[in-house]
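What follows is a short report on a single structure.
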Amino acid sequence: MATDVQSKRNAYGRGEEQGRADALGGRPHSDPPRDGSRGEKDQYANGYDWGYEQGRAQKLDLVVWQEGGVEDAPGGLGATINICVRTPNWKETVDAGEREHVFTAPTGFRWNGTVGAQYKRMDQTTGGNLPPVRAKVSADGRTLAFTFHVHLNTNKEDKDCIVYTCGLEAVDGAALGRFTDGVAQVGTAPPAKLKAEVIEDED
């Protein structure tokens, strides 16, 4: 009995190790076979599933940043902010699956709910044919949230970085000035600071 338990543990460990290695290597989930006996085959598959999920989370070591400056006046035309995501060295392969994105607008601003996603490559070309982003905005307008499939450098279409272009606007009565307390959180990646400036309406 003790030998049987140990062999199952070993199978689970082998599966976990292989699952993590596949995820970190950017390889697809191999879906190991199961036979329903709760024996070594099932334990290996269970370990593989767990290791793959852990590897995906670990692999989501991404760099998130705001591209360019943003400004708007209360009652103005609104603005867009570009939030970019790349791998640490631009070339690593990442397929992290569906990941939660939570963006908090800087003080004095609110999201208008529009979000577009595309790839921007080192040669400045864009594309990728990404699906629509279905985002939700909190009642106060400060929080924008959506789930999106994060993958980079897995084929010729998804190279270099993802750019989310989000619409936001200065709120009525907002104090003038530059605010740097916005936050962009993409899955388990380190959060990025979002910045925008409330300006006077020239009209």
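Here's how to read the names in the structure tokens: chain A, B, ... by the order shown, residue numbers from 1 in each chain, ligand numbers from 1 in the order shown.
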Compile a residue-level contact table for stretch 169-199 of chain A against stretch 104-126 of chain A at a cut-off of 7 Å, reporting for every qualifying residue the shortest atom pair and its distance in Å to one decimal, with only C-alpha atoms counted, rows ordered by chain and ascending number, as a Markdown table.
```
| residue | atom | partner | partner_atom | distance |
| --- | --- | --- | --- | --- |
| A:Glu169 | CA | A:Phe109 | CA | 5.4 |
| A:Ala170 | CA | A:Phe109 | CA | 4.4 |
| A:Val171 | CA | A:Phe109 | CA | 5.5 |
| A:Ala174 | CA | A:Gly108 | CA | 4.9 |
| A:Ala175 | CA | A:Gly108 | CA | 6.8 |
| A:Phe179 | CA | A:Pro106 | CA | 5.8 |
| A:Thr180 | CA | A:Pro106 | CA | 6.1 |
| A:Asp181 | CA | A:Pro106 | CA | 5.1 |
| A:Gly182 | CA | A:Pro106 | CA | 3.9 |
| A:Val183 | CA | A:Thr104 | CA | 4.9 |
| A:Ala184 | CA | A:Thr104 | CA | 6.4 |
| A:Leu194 | CA | A:Pro106 | CA | 6.4 |
| A:Lys195 | CA | A:Pro106 | CA | 6.1 |
| A:Ala196 | CA | A:Pro106 | CA | 6.4 |
| A:Val198 | CA | A:Gly108 | CA | 6.9 |
```
Exercise for the section: Show which residues sit within 9 Å of stretch 34-41 of chain A, as a list of chain:residue names. Count only C-alpha atoms, and ignore same-chain residues fewer than 5 positions away. Expected result: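 Residues meeting the cut-off are A:Asp4, A:Ser7, A:Lys8, A:Arg9, A:Asn10, A:Ala11, A:Tyr12, A:Asn46.
Shortest atom-to-atom contact with A:Val150 among A:Ile81, A:Val186, A:Ile199, A:Ala45: A:Val186, counting only C-alpha atoms.
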Handout entry: DSSP helix (DSSP H, G or I) selection over stretch 38-113 of chain A, as number ranges by chain
Key = A: 40-59
Only C-alpha atoms, please: the residues just picked out, written as a short mmCIF file (atom, residue, chain, number, x, y, z; two decimals), in the first residue's frame.
```cif
data_model
loop_
_atom_site.label_atom_id
_atom_site.label_comp_id
_atom_site.auth_asym_id
_atom_site.auth_seq_id
_atom_site.Cartn_x
_atom_site.Cartn_y
_atom_site.Cartn_z
CA GLU A 40 -0.74 6.66 -11.73
CA LYS A 41 -2.17 7.75 -15.08
CA ASP A 42 -4.84 9.89 -13.43
CA GLN A 43 -2.40 11.26 -10.89
CA TYR A 44 0.03 12.23 -13.63
CA ALA A 45 -2.77 14.06 -15.47
CA ASN A 46 -3.86 15.84 -12.29
CA GLY A 47 -0.29 16.90 -11.59
CA TYR A 48 0.12 18.05 -15.17
CA ASP A 49 -3.01 20.24 -14.97
CA TRP A 50 -1.81 21.87 -11.77
CA GLY A 51 1.73 22.38 -13.02
CA TYR A 52 0.49 23.87 -16.27
CA GLU A 53 -1.67 26.41 -14.44
CA GLN A 54 1.20 27.33 -12.14
CA GLY A 55 3.51 27.69 -15.11
CA ARG A 56 1.04 29.96 -16.89
CA ALA A 57 0.83 32.19 -13.84
CA GLN A 58 4.60 32.23 -13.49
CA LYS A 59 5.02 32.90 -17.20
#
```
Practice task
Point out the residue among A:Asp172, A:Glu16, A:Glu92, A:Glu157 with the least atom-to-atom distance to A:Val63, counting only C-alpha atoms.
Solution key: A:Glu92
Handout entry: Minimum-distance residue to A:Asp158, chosen among A:Val85, A:Gly177, A:Asp201, A:Lys136 (using only C-alpha atoms)
Key =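 Closest residue, counting only C-alpha atoms: A:Val85.
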Exercise for the section: Go through stretch 71-172 of chain A and collect every residue that DSSP, computed from the backbone, puts in strand (DSSP E); the answer should be as a PyMOL selection string. Expected result: chain A and resi 71-72+79-86+94-104+109-120+126-127+136-137+143-152+161-170
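Using only C-alpha atoms, the shortest contact distance between A:His29 and any of A:Gly97, A:Gln6, A:Arg14, A:Glu71 is found at A:Gly97.
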Problem - Distance in Å - atom CA of A:Phe148 versus atom CA of A:Gly127 - result: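 It comes out at 16.3 Å.
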Exercise for the section: Find the distance between atom CA of A:Cys166 and atom CA of A:Ala139 and write it in Å to one decimal. Expected result: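 Between atom CA of A:Cys166 and atom CA of A:Ala139 the gap is 17.1 Å.
Remark: for A:Ala189, the closest of the candidate residues A:Val5, A:Cys84, A:Leu62, A:Ala79 is A:Leu62 (distances computed over only C-alpha atoms).
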